[in-house]
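**Student:** I am sharing coords05.csv, which consists of CSV, C-alpha atoms:
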chain,number,residue,atom,x,y,z
A,1232,GLU,CA,-5.7,-29.7,7.4
A,1233,GLY,CA,-7.7,-28.5,4.4
A,1234,VAL,CA,-6.2,-25.0,4.6
A,1235,PRO,CA,-3.8,-24.1,1.8
A,1236,LYS,CA,-0.2,-24.1,3.0
A,1237,THR,CA,0.4,-20.8,1.2
A,1238,PHE,CA,-2.4,-19.2,3.1
A,1239,VAL,CA,-1.0,-20.3,6.5
A,1240,HIS,CA,2.5,-19.0,5.5
A,1241,ASP,CA,1.0,-15.7,4.4
A,1242,ILE,CA,-0.7,-15.2,7.7
A,1243,TRP,CA,1.9,-16.6,10.1
A,1244,GLY,CA,5.1,-16.7,8.1
A,1245,GLN,CA,7.9,-19.2,8.6
A,1246,SER,CA,9.0,-17.8,11.9
A,1247,GLY,CA,5.7,-18.7,13.6
A,1248,ARG,CA,4.9,-15.0,14.2
A,1249,LEU,CA,1.7,-13.4,12.9
A,1250,THR,CA,2.5,-11.5,9.7
A,1251,LEU,CA,-0.9,-10.9,8.0
A,1252,GLY,CA,0.8,-11.2,4.7
A,1253,TYR,CA,3.7,-8.8,5.4
A,1254,ALA,CA,7.2,-10.0,4.9
A,1255,ASN,CA,8.1,-8.4,8.2
A,1256,PRO,CA,5.9,-9.4,11.3
A,1257,ASN,CA,6.7,-6.0,12.8
A,1258,LYS,CA,4.6,-4.4,10.1
A,1259,ALA,CA,1.7,-6.6,11.1
A,1260,GLY,CA,2.4,-5.5,14.7
A,1261,ALA,CA,2.2,-1.9,13.7
A,1262,LEU,CA,-1.1,-2.4,11.9
A,1263,LEU,CA,-2.5,-4.3,15.0
A,1264,ALA,CA,-1.2,-1.5,17.3
A,1265,GLU,CA,-3.2,1.0,15.3
A,1266,ILE,CA,-6.3,-1.1,15.6
A,1267,CYS,CA,-5.8,-1.6,19.3
A,1268,MET,CA,-5.4,2.1,19.9
A,1269,ALA,CA,-8.5,2.8,17.8
A,1270,GLY,CA,-10.5,0.5,20.0
A,1271,LEU,CA,-9.0,1.9,23.2
A,1272,CYS,CA,-10.0,5.5,22.1
A,1273,LEU,CA,-13.5,4.3,21.4
A,1274,LEU,CA,-13.8,3.5,25.2
A,1275,LEU,CA,-13.7,7.3,25.7
A,1276,VAL,CA,-16.8,7.8,23.6
A,1277,ARG,CA,-20.1,8.0,25.5
A,1278,GLY,CA,-22.6,5.2,24.9
A,1279,TRP,CA,-22.4,1.5,25.8
A,1280,LEU,CA,-22.5,0.4,22.1
A,1281,TRP,CA,-19.4,2.4,21.1
A,1282,ARG,CA,-17.6,1.2,24.2
A,1283,SER,CA,-18.5,-2.4,23.6
A,1284,ILE,CA,-17.2,-2.2,20.1
A,1285,GLY,CA,-14.1,-0.4,21.3
A,1286,LEU,CA,-13.4,-3.1,23.9
A,1287,ILE,CA,-13.7,-5.9,21.3
A,1288,VAL,CA,-11.6,-4.1,18.8
A,1289,ALA,CA,-8.9,-3.3,21.4
A,1290,ALA,CA,-8.8,-6.9,22.7
A,1291,LEU,CA,-8.5,-8.4,19.2
A,1292,GLY,CA,-5.8,-5.8,18.2
A,1293,PHE,CA,-3.8,-6.4,21.3
A,1294,TRP,CA,-4.0,-10.2,21.0
A,1295,GLY,CA,-2.8,-9.9,17.4
A,1296,VAL,CA,0.2,-7.8,18.6
A,1297,VAL,CA,1.0,-10.5,21.1
A,1298,LEU,CA,0.9,-13.1,18.3
A,1299,SER,CA,3.1,-11.0,16.1
A,1300,ALA,CA,5.7,-10.9,18.9
A,1301,SER,CA,6.5,-7.3,17.9
A,1302,ARG,CA,8.2,-5.6,20.9
A,1303,GLY,CA,8.1,-2.2,19.1
A,1304,ALA,CA,4.3,-2.5,18.8
A,1305,VAL,CA,3.9,-3.3,22.5
A,1306,VAL,CA,6.0,-0.2,23.5
A,1307,ALA,CA,4.0,1.9,21.0
A,1308,ILE,CA,0.7,0.9,22.6
A,1309,VAL,CA,1.9,1.6,26.1
A,1310,LEU,CA,3.4,5.0,25.3
A,1311,SER,CA,0.4,5.9,23.1
A,1312,VAL,CA,-2.0,5.2,26.0
A,1313,LEU,CA,0.2,7.4,28.3
A,1314,VAL,CA,0.1,10.2,25.8
A,1315,VAL,CA,-3.7,10.0,25.4
A,1316,VAL,CA,-4.1,9.9,29.2
A,1317,LEU,CA,-1.9,12.9,29.6
A,1318,SER,CA,-4.0,14.8,27.0
A,1319,ARG,CA,-7.1,14.2,29.0
A,1320,ILE,CA,-5.6,14.0,32.5
A,1321,ARG,CA,-8.5,15.7,34.2
A,1322,GLU,CA,-11.0,13.1,33.0
A,1323,PHE,CA,-8.9,10.2,34.2
A,1324,PHE,CA,-8.8,11.3,37.8
A,1325,THR,CA,-11.8,9.1,38.6
A,1326,TRP,CA,-11.7,5.7,40.3
A,1327,ARG,CA,-13.6,4.0,37.4
A,1328,ARG,CA,-11.1,5.1,34.7
A,1329,LEU,CA,-8.1,4.5,36.9
A,1330,ALA,CA,-9.4,1.0,37.5
A,1331,CYS,CA,-9.8,0.5,33.7
A,1332,VAL,CA,-6.2,1.5,33.2
A,1333,ALA,CA,-5.0,-0.9,35.9
A,1334,VAL,CA,-7.1,-3.7,34.4
A,1335,GLY,CA,-5.6,-2.9,31.0
A,1336,ALA,CA,-2.0,-3.1,32.5
A,1337,VAL,CA,-2.8,-6.5,34.0
A,1338,CYS,CA,-4.2,-7.8,30.7
A,1339,LEU,CA,-1.1,-6.4,28.9
A,1340,PHE,CA,1.5,-8.2,31.0
A,1341,GLY,CA,-0.8,-11.2,31.5
A,1342,GLY,CA,-1.1,-11.7,27.8
A,1343,LEU,CA,2.6,-11.4,27.3
A,1344,TYR,CA,3.2,-14.0,30.0
A,1345,LEU,CA,0.6,-16.4,28.6
A,1346,SER,CA,2.0,-16.1,25.1
A,1347,GLY,CA,5.3,-17.5,26.2
A,1348,ASP,CA,7.2,-14.6,24.7
A,1349,LEU,CA,7.8,-12.6,27.8
A,1350,GLU,CA,11.5,-13.3,27.7
A,1351,ARG,CA,11.7,-12.0,24.2
A,1352,TYR,CA,10.1,-8.8,25.2
A,1353,THR,CA,12.2,-8.2,28.3
A,1354,THR,CA,15.4,-9.0,26.3
A,1355,GLY,CA,14.7,-6.3,23.9
A,1356,ILE,CA,13.1,-3.7,26.2
A,1357,VAL,CA,14.9,-4.0,29.5
A,1358,ASN,CA,18.3,-4.9,28.1
A,1359,THR,CA,19.7,-4.9,24.6
A,1360,GLN,CA,22.0,-8.0,24.6
A,1361,GLY,CA,20.0,-9.8,21.8
A,1362,GLU,CA,21.6,-10.0,18.4
A,1363,GLY,CA,18.8,-8.1,16.7
A,1364,ASP,CA,18.9,-5.3,19.3
A,1365,ALA,CA,22.7,-5.0,19.1
A,1366,THR,CA,22.4,-4.7,15.3
A,1367,ARG,CA,19.9,-1.9,15.7
A,1368,LEU,CA,22.2,0.0,18.0
A,1369,LYS,CA,25.2,-0.4,15.7
A,1370,ILE,CA,23.2,0.9,12.8
A,1371,TRP,CA,21.6,3.8,14.7
A,1372,ARG,CA,25.0,5.0,16.0
A,1373,GLU,CA,26.1,5.6,12.5
A,1374,ALA,CA,23.1,7.7,11.5
A,1375,PRO,CA,24.4,11.1,12.7
A,1376,ARG,CA,27.7,10.6,10.7
A,1377,MET,CA,25.7,9.5,7.6
A,1378,MET,CA,23.7,12.7,7.8
A,1379,VAL,CA,26.8,14.9,8.2
A,1380,ASP,CA,28.7,13.2,5.4
A,1381,ALA,CA,25.7,13.7,3.0
A,1382,PRO,CA,24.3,17.2,3.5
A,1383,THR,CA,22.0,16.8,0.5
A,1384,GLY,CA,21.0,13.2,1.5
A,1385,TRP,CA,22.0,9.8,0.3
A,1386,GLY,CA,19.0,9.5,-2.0
A,1387,PHE,CA,15.6,7.8,-1.7
A,1388,GLY,CA,16.0,4.1,-0.9
A,1389,GLN,CA,19.8,4.3,-0.5
A,1390,ALA,CA,20.2,4.4,3.3
A,1391,GLY,CA,20.7,0.7,3.8
A,1392,ARG,CA,23.1,0.4,0.8
A,1393,ALA,CA,25.1,3.4,2.0
A,1394,PHE,CA,25.5,1.9,5.5
A,1395,ASP,CA,26.6,-1.5,4.1
A,1396,CYS,CA,29.2,0.0,1.9
A,1397,TRP,CA,30.7,2.9,3.9
A,1398,TYR,CA,29.8,2.6,7.6
A,1399,GLN,CA,29.3,-1.0,8.6
A,1400,GLN,CA,32.2,-2.6,10.4
A,1401,VAL,CA,34.6,-4.1,8.0
A,1402,CYS,CA,34.4,-7.5,9.7
A,1403,ASP,CA,30.6,-7.6,9.4
A,1404,ILE,CA,29.1,-8.8,6.2
A,1405,ARG,CA,25.4,-8.6,6.9
A,1406,VAL,CA,23.2,-6.7,4.4
A,1407,VAL,CA,20.5,-4.3,5.5
A,1408,ARG,CA,17.9,-2.6,3.3
A,1409,THR,CA,17.1,0.2,5.7
A,1410,LEU,CA,18.4,1.5,9.0
A,1411,ILE,CA,15.7,-0.5,10.9
A,1412,ASN,CA,14.1,2.9,11.9
A,1413,SER,CA,11.8,4.7,9.5
A,1414,HIS,CA,12.6,8.1,10.9
A,1415,LEU,CA,16.4,7.7,10.8
A,1416,THR,CA,16.1,6.2,7.3
A,1417,PHE,CA,14.2,9.3,6.1
A,1418,LEU,CA,16.5,11.7,7.7
A,1419,VAL,CA,19.6,10.1,6.2
A,1420,GLU,CA,18.1,10.0,2.7
A,1421,LEU,CA,16.9,13.6,2.8
A,1422,GLY,CA,18.9,16.8,2.8
A,1423,TRP,CA,19.1,19.2,5.7
A,1424,PRO,CA,16.2,21.5,4.7
A,1425,LEU,CA,13.9,18.5,4.1
A,1426,ARG,CA,15.1,17.0,7.4
A,1427,LEU,CA,14.0,20.1,9.2
A,1428,ILE,CA,10.6,20.1,7.4
A,1429,TYR,CA,10.1,16.4,8.2
A,1430,LEU,CA,10.7,16.9,11.9
A,1431,MET,CA,8.6,20.0,12.1
A,1432,LEU,CA,5.6,18.2,10.5
A,1433,LEU,CA,6.1,15.2,12.9
A,1434,PHE,CA,6.4,17.2,16.1
A,1435,GLY,CA,3.9,19.9,15.1
A,1436,GLY,CA,1.3,17.4,13.9
A,1437,ILE,CA,1.5,15.4,17.2
A,1438,ALA,CA,1.3,18.6,19.2
A,1439,ILE,CA,-1.9,19.8,17.3
A,1440,LEU,CA,-3.6,16.4,17.8
A,1441,PHE,CA,-2.6,16.6,21.5
A,1442,ALA,CA,-4.0,20.1,21.9
A,1443,VAL,CA,-7.3,19.2,20.3
A,1444,SER,CA,-7.6,16.1,22.5
A,1445,ALA,CA,-6.9,18.2,25.6
A,1446,ARG,CA,-9.7,20.5,24.6
A,1447,GLY,CA,-12.3,17.7,24.4
A,1448,GLY,CA,-11.8,16.8,20.8
A,1449,SER,CA,-11.2,13.3,19.4
A,1450,SER,CA,-8.4,11.3,21.0
A,1451,MET,CA,-8.5,8.6,18.3
A,1452,SER,CA,-6.3,10.4,15.8
A,1453,LEU,CA,-3.7,11.2,18.6
A,1454,GLY,CA,-3.5,7.6,19.8
A,1455,ILE,CA,-3.3,6.1,16.3
A,1456,TRP,CA,-0.7,8.5,15.0
A,1457,VAL,CA,1.5,8.3,18.1
A,1458,ALA,CA,1.4,4.5,17.9
A,1459,PHE,CA,2.1,4.6,14.2
A,1460,MET,CA,5.1,6.9,14.5
A,1461,LEU,CA,6.5,5.0,17.5
A,1462,THR,CA,6.4,1.7,15.6
A,1463,GLY,CA,8.4,3.5,12.9
A,1464,PHE,CA,11.0,4.2,15.4
A,1465,PHE,CA,11.8,0.6,16.1
A,1466,ASN,CA,11.3,-0.8,12.6
A,1467,SER,CA,11.0,0.4,9.0
A,1468,THR,CA,7.2,0.3,9.0
A,1469,LEU,CA,6.3,3.7,7.6
A,1470,GLU,CA,7.3,2.5,4.1
A,1471,ALA,CA,4.3,0.2,3.8
A,1472,PRO,CA,1.4,2.1,2.1
A,1473,THR,CA,-1.3,0.0,3.7
A,1474,LEU,CA,-0.2,1.0,7.2
A,1475,TRP,CA,-1.2,4.6,6.4
A,1476,ILE,CA,-4.8,3.8,5.7
A,1477,ILE,CA,-6.0,3.7,9.4
A,1478,PRO,CA,-4.0,6.9,10.4
A,1479,VAL,CA,-5.4,8.8,7.4
A,1480,LEU,CA,-8.9,7.6,8.0
A,1481,SER,CA,-8.6,8.7,11.7
A,1482,LEU,CA,-8.1,12.2,10.5
A,1483,VAL,CA,-11.7,12.1,9.3
A,1484,ALA,CA,-12.8,11.8,13.0
A,1485,PHE,CA,-10.4,14.6,13.8
A,1486,ALA,CA,-12.0,16.8,11.1
A,1487,PHE,CA,-15.6,16.2,12.4
A,1488,HIS,CA,-14.6,17.4,15.9
A,1489,ARG,CA,-14.2,21.0,15.0
A,1490,VAL,CA,-12.3,22.1,18.0
A,1491,LYS,CA,-10.8,25.5,17.2
A,1492,LEU,CA,-7.4,26.3,18.5
A,1493,GLU,CA,-6.5,29.9,19.4
A,1494,VAL,CA,-4.0,31.7,17.2
A,1495,ARG,CA,-1.6,32.0,20.0
A,1496,VAL,CA,-1.7,28.2,20.6
A,1497,CYS,CA,-1.0,27.5,16.9
A,1498,ARG,CA,1.8,30.0,17.0
A,1499,ARG,CA,3.3,28.3,20.1
A,1500,ILE,CA,3.1,24.9,18.5
A,1501,ALA,CA,4.8,26.2,15.3
A,1502,VAL,CA,7.6,27.9,17.2
A,1503,GLY,CA,8.0,24.9,19.5
A,1504,ALA,CA,8.1,22.4,16.6
A,1505,LEU,CA,10.7,24.6,14.9
A,1506,CYS,CA,12.9,24.9,18.0
A,1507,LEU,CA,12.6,21.2,18.9
A,1508,SER,CA,13.4,20.1,15.3
A,1509,GLY,CA,16.4,22.5,15.2
A,1510,ALA,CA,17.6,21.2,18.5
A,1511,VAL,CA,17.4,17.6,17.3
A,1512,LEU,CA,19.2,18.3,14.1
A,1513,LEU,CA,21.8,20.3,15.9
A,1514,GLY,CA,22.4,17.3,18.2
A,1515,PHE,CA,22.8,15.0,15.1
A,1516,LEU,CA,25.2,17.5,13.6
A,1517,ILE,CA,27.4,17.7,16.8
A,1518,VAL,CA,27.4,13.9,17.2
A,1519,GLY,CA,28.1,13.3,13.5
A,1520,LYS,CA,31.1,15.7,13.6
A,1521,ALA,CA,32.4,14.2,16.7
A,1522,CYS,CA,32.3,10.7,15.2
A,1523,SER,CA,34.3,11.4,12.1
A,1524,ASP,CA,36.5,8.5,11.0
A,1525,ILE,CA,39.3,7.7,8.6
A,1526,PRO,CA,38.8,7.9,5.7
A,1527,SER,CA,36.4,10.8,5.4
A,1528,ILE,CA,33.3,10.3,3.3
A,1529,ARG,CA,31.4,13.0,1.3
A,1530,ALA,CA,28.3,12.2,-0.7
A,1531,ASP,CA,25.5,14.0,-2.5
A,1532,GLY,CA,23.2,11.2,-3.5
A,1533,ARG,CA,25.0,10.5,-6.8
A,1534,ARG,CA,28.7,10.8,-6.0
A,1535,VAL,CA,30.8,9.6,-3.1
A,1536,CYS,CA,34.2,11.1,-2.4
A,1537,ILE,CA,36.6,9.1,-0.2
A,1538,ASN,CA,39.5,10.7,1.7
A,1539,GLY,CA,39.0,14.2,0.2
A,1540,ASP,CA,36.6,16.5,-1.7
A,1541,ASP,CA,38.8,16.7,-4.9
A,1542,PRO,CA,39.3,13.1,-6.1
A,1543,ALA,CA,42.3,12.4,-8.3
A,1544,ILE,CA,40.6,9.3,-9.6
A,1545,TRP,CA,37.0,8.6,-10.4
A,1546,ILE,CA,35.6,5.1,-10.5
A,1547,VAL,CA,32.5,4.2,-12.5
A,1548,ASP,CA,31.2,0.9,-11.0
A,1549,ASP,CA,28.2,-1.2,-11.9
A,1550,LYS,CA,27.8,-2.2,-8.2
A,1551,GLN,CA,28.8,-5.8,-9.0
A,1552,THR,CA,32.3,-6.0,-10.6
A,1553,LEU,CA,34.4,-4.2,-8.0
A,1554,GLY,CA,33.2,-6.0,-4.9
A,1555,GLY,CA,29.5,-5.1,-5.4
A,1556,GLY,CA,28.0,-3.4,-2.3
A,1557,PHE,CA,31.2,-4.2,-0.3
A,1558,ILE,CA,33.6,-2.1,-2.4
A,1559,GLY,CA,33.6,0.6,0.3
A,1560,ARG,CA,34.9,-1.8,3.0
A,1561,GLU,CA,38.0,-2.6,0.9
A,1562,MET,CA,38.5,1.1,0.2
A,1563,ARG,CA,38.2,1.9,3.9
A,1564,ILE,CA,40.7,-0.8,4.8
A,1565,PHE,CA,43.2,0.6,2.3
A,1566,TYR,CA,42.9,4.2,3.4
A,1567,ARG,CA,43.2,3.3,7.1
A,1568,GLN,CA,46.5,1.6,6.2
A,1569,HIS,CA,47.5,4.5,3.8
A,1570,PRO,CA,45.8,7.7,5.2
A,1571,SER,CA,47.8,10.0,2.9
A,1572,ALA,CA,46.8,8.3,-0.3
A,1573,ALA,CA,45.1,10.3,-3.0
A,1574,PRO,CA,41.3,10.8,-2.7
A,1575,VAL,CA,39.0,8.7,-4.9
A,1576,GLY,CA,35.5,9.3,-6.2
A,1577,ARG,CA,32.9,6.7,-7.0
A,1578,VAL,CA,29.7,6.9,-9.1
A,1579,CYS,CA,27.4,4.2,-10.6
A,1580,ALA,CA,26.7,5.9,-13.9
A,1581,CYS,CA,28.8,7.9,-16.4
A,1582,SER,CA,26.1,10.6,-16.3
A,1583,ASP,CA,26.9,11.2,-12.6
A,1584,LEU,CA,30.6,12.1,-13.3
A,1585,PRO,CA,31.7,15.7,-12.7
A,1586,ARG,CA,32.3,18.0,-15.7
A,1587,THR,CA,36.1,17.6,-15.4
A,1588,PHE,CA,38.3,14.8,-14.0
A,1589,ARG,CA,41.9,13.7,-14.2
A,1590,ARG,CA,41.8,9.9,-14.2
A,1591,LEU,CA,39.0,7.5,-14.8
A,1592,VAL,CA,38.4,3.8,-14.0
A,1593,VAL,CA,35.4,2.1,-15.6
A,1594,ALA,CA,34.3,-1.4,-14.5
A,1595,GLY,CA,31.9,-4.0,-15.6
A,1596,ARG,CA,28.8,-3.2,-17.6
A,1597,CYS,CA,29.5,0.5,-17.2
A,1598,CYS,CA,32.1,0.1,-20.0
A,1599,THR,CA,29.4,-0.1,-22.6
A,1600,GLU,CA,27.7,2.9,-21.2
A,1601,PHE,CA,31.0,4.8,-21.1
A,1602,LEU,CA,31.6,4.1,-24.9
A,1603,ASP,CA,28.1,5.5,-25.7
A,1604,TRP,CA,28.6,8.5,-23.5
A,1605,TRP,CA,32.1,9.2,-24.9
A,1606,LYS,CA,30.8,9.1,-28.5
A,1607,ASN,CA,27.8,11.4,-27.7
A,1608,ASP,CA,29.6,13.9,-25.5
A,1609,ARG,CA,33.4,13.9,-26.1
A,1610,ALA,CA,33.6,17.4,-24.8
A,1611,LYS,CA,33.7,16.0,-21.3
A,1612,ILE,CA,36.8,13.9,-21.9
A,1613,PRO,CA,39.9,15.9,-20.9
Kindly transcribe the structure held in the file into structure tokens.

**Tutor:**
Amino acid sequence: EGVPKTFVHDIWGQSGRLTLGYANPNKAGALLAEICMAGLCLLLVRGWLWRSIGLIVAALGFWGVVLSASRGAVVAIVLSVLVVVLSRIREFFTWRRLACVAVGAVCLFGGLYLSGDLERYTTGIVNTQGEGDATRLKIWREAPRMMVDAPTGWGFGQAGRAFDCWYQQVCDIRVVRTLINSHLTFLVELGWPLRLIYLMLLFGGIAILFAVSARGGSSMSLGIWVAFMLTGFFNSTLEAPTLWIIPVLSLVAFAFHRVKLEVRVCRRIAVGALCLSGAVLLGFLIVGKACSDIPSIRADGRRVCINGDDPAIWIVDDKQTLGGGFIGREMRIFYRQHPSAAPVGRVCACSDLPRTFRRLVVAGRCCTEFLDWWKNDRAKIP
């Protein structure tokens, strides 16, 4: 009472989960996981003052994660702690630090139990029978095929729309904005060369931070970046600019610990990141080829070709008139019933049409655009 209702909704959201003003409570969980890892890494710094601050920060961050009920954030914290421990494994072979890890584990599960959300966490982590978890798996299974069907990528911000239109089960009418996985979303939207670069930066960057931590450097950057990247695996959190603030600032601590890596170590990291990235992309390619379906889909970010690479008919659609975002479902149903039908191409603007075409269908608001385009560039009309 006395607190504005909008303030309460901004902090907690309508679901009763801590959101901190984010539309998705999992983004709040990602931010709090970063804070928790920063506090835990301060416990490795000598001096009672830093360790006291670290303990308070870690406790507040973890309790916030519990209140956000973000399972991905909990998994990220646990795995990040394991990565930091592995990077400094020799230092942790003491009774005092092993006892601290054990106390932390007890606090982790005790906090989840006291929050009353333990069943929610076990439903999503131990088994995947929940509706949200089943949705994630359905979407993630289609990611390799989406990558193979669009060698140059589906385009920035188009992964969710492409899934809704061309890959979601025809009996399902849910709408998703992303693939509920930042890494898969980026890989689907980018082309093969940029996919390789993205994975190399991801694996290589984590490996460098791990090597520096293992040589006595700062572990804070390693813990925060691992937690940040892991939360992006379970949700689309990397798209929020504010969540990058703490990871970027943690690189300042990394820069001050001038631990030099030998040339051979850097070379091994680069080669390892390249090989691992290539192996991951090769796996996606093999799985995507093996999961081909009828009709075949080919896309380049602007054009989509259905059931063949040389469409007999091109459709210019305004994304609303011909079924909106669900036009692909009707087309897939048609081609499954008539697999030998002529291929069709679809674009959302006349400027995206190829230089030559045989037949053209223009729908909705695109008709006005077509008339202007035809007047200004008649040479394209066969």

**Student:** Select all residues near (33.3, 8.2, 15.3) (cut-off 10 Å, inclusive, file coordinates), counting all atoms listed in the file, and output them as a list in words.

**Tutor:**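 Neighbouring residues, ordered by chain and number, come to Arg1372, Glu1373, Pro1375, Arg1376, Val1518, Gly1519, Lys1520, Ala1521, Cys1522, Ser1523, Asp1524 and Ile1525 of chain A.
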
**Student:** Calculated over all atoms listed in the file, which of the candidates A:Leu1263, A:Met1431, A:Ala1458, A:Val1312 has the smallest distance to Leu1298 in chain A?

**Tutor:**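 For Leu1298 in chain A, the nearest of the candidates is A:Leu1263.
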
**Student:** Find, counting all atoms listed in the file, the residue in A:Val1309, A:Ile1320, A:Gly1435, A:Leu1421 that gets nearest to Phe1293 in chain A.

**Tutor:**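 Nearest to Phe1293 in chain A: A:Val1309.
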
**Student:** Measuring atom to atom with only C-alpha atoms, identify which of A:Gln1389, A:Gln1399, A:Ser1481, A:Ser1283 is nearest to Met1268 in chain A.

**Tutor:**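 Going through A:Gln1389, A:Gln1399, A:Ser1481, A:Ser1283 one by one, the smallest distance to Met1268 in chain A is for A:Ser1481.
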
**Student:** Under the rule that all atoms listed in the file are counted, which of A:Val1443, A:Leu1469, A:Met1562, A:Ile1404 is the nearest residue to Phe1417 in chain A?

**Tutor:**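 Among the listed residues, the smallest separation from Phe1417 in chain A belongs to A:Leu1469.
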
**Student:** Which residue out of A:Ile1308, A:Met1378, A:Val1315, A:Leu1291 has the minimum interatomic distance to Ala1530 in chain A when all atoms listed in the file are used?

**Tutor:**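 Smallest separation from Ala1530 in chain A among the options: A:Met1378.
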
**Student:** Quick one: residues within 12 Å of Leu1482 in chain A, all atoms listed in the file counted, chain neighbours fewer than 4 positions away excluded, as a list in words?

**Tutor:**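 The residues satisfying every condition are Ala1269, Gly1436, Ile1439, Leu1440, Gly1448, Ser1449, Ser1450, Met1451, Ser1452, Leu1453, Gly1454, Ile1455, Trp1456, Trp1475, Ile1476, Ile1477, Pro1478, Ala1486, Phe1487, His1488 and Arg1489 of chain A.
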
**Student:** Produce range 1255-1260 of chain A of the given structure as output with all heavy atoms, as an mmCIF file, in the first residue's frame.

**Tutor:**
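The file below, part.cif, is the result:
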data_model
loop_
_atom_site.group_PDB
_atom_site.id
_atom_site.type_symbol
_atom_site.label_atom_id
_atom_site.label_comp_id
_atom_site.auth_asym_id
_atom_site.auth_seq_id
_atom_site.Cartn_x
_atom_site.Cartn_y
_atom_site.Cartn_z
ATOM 1 N N ASN A 1255 10.650 -10.104 -19.952
ATOM 2 C CA ASN A 1255 10.896 -11.531 -19.735
ATOM 3 C C ASN A 1255 11.656 -11.709 -18.422
ATOM 4 O O ASN A 1255 12.777 -11.196 -18.290
ATOM 5 C CB ASN A 1255 11.702 -12.095 -20.911
ATOM 6 C CG ASN A 1255 11.899 -13.597 -20.817
ATOM 7 O OD1 ASN A 1255 11.564 -14.224 -19.812
ATOM 8 N ND2 ASN A 1255 12.448 -14.185 -21.859
ATOM 9 N N PRO A 1256 11.105 -12.423 -17.436
ATOM 10 C CA PRO A 1256 11.811 -12.612 -16.160
ATOM 11 C C PRO A 1256 13.125 -13.368 -16.317
ATOM 12 O O PRO A 1256 13.999 -13.278 -15.446
ATOM 13 C CB PRO A 1256 10.813 -13.399 -15.310
ATOM 14 C CG PRO A 1256 9.849 -13.996 -16.279
ATOM 15 C CD PRO A 1256 9.769 -13.054 -17.430
ATOM 16 N N ASN A 1257 13.286 -14.114 -17.402
ATOM 17 C CA ASN A 1257 14.554 -14.819 -17.614
ATOM 18 C C ASN A 1257 15.697 -13.848 -17.890
ATOM 19 O O ASN A 1257 16.858 -14.167 -17.618
ATOM 20 C CB ASN A 1257 14.412 -15.794 -18.785
ATOM 21 C CG ASN A 1257 13.494 -16.950 -18.451
ATOM 22 O OD1 ASN A 1257 13.691 -17.660 -17.469
ATOM 23 N ND2 ASN A 1257 12.454 -17.133 -19.249
ATOM 24 N N LYS A 1258 15.391 -12.671 -18.428
ATOM 25 C CA LYS A 1258 16.431 -11.656 -18.606
ATOM 26 C C LYS A 1258 16.855 -11.096 -17.258
ATOM 27 O O LYS A 1258 18.047 -10.821 -17.037
ATOM 28 C CB LYS A 1258 15.923 -10.551 -19.529
ATOM 29 C CG LYS A 1258 15.718 -11.006 -20.966
ATOM 30 C CD LYS A 1258 15.262 -9.878 -21.864
ATOM 31 C CE LYS A 1258 15.095 -10.378 -23.302
ATOM 32 N NZ LYS A 1258 14.632 -9.313 -24.216
ATOM 33 N N ALA A 1259 15.886 -10.929 -16.364
ATOM 34 C CA ALA A 1259 16.239 -10.531 -15.001
ATOM 35 C C ALA A 1259 17.103 -11.606 -14.345
ATOM 36 O O ALA A 1259 18.075 -11.290 -13.645
ATOM 37 C CB ALA A 1259 14.977 -10.285 -14.180
ATOM 38 N N GLY A 1260 16.762 -12.868 -14.585
ATOM 39 C CA GLY A 1260 17.574 -13.959 -14.050
ATOM 40 C C GLY A 1260 18.984 -13.939 -14.592
ATOM 41 O O GLY A 1260 19.951 -14.217 -13.875
#
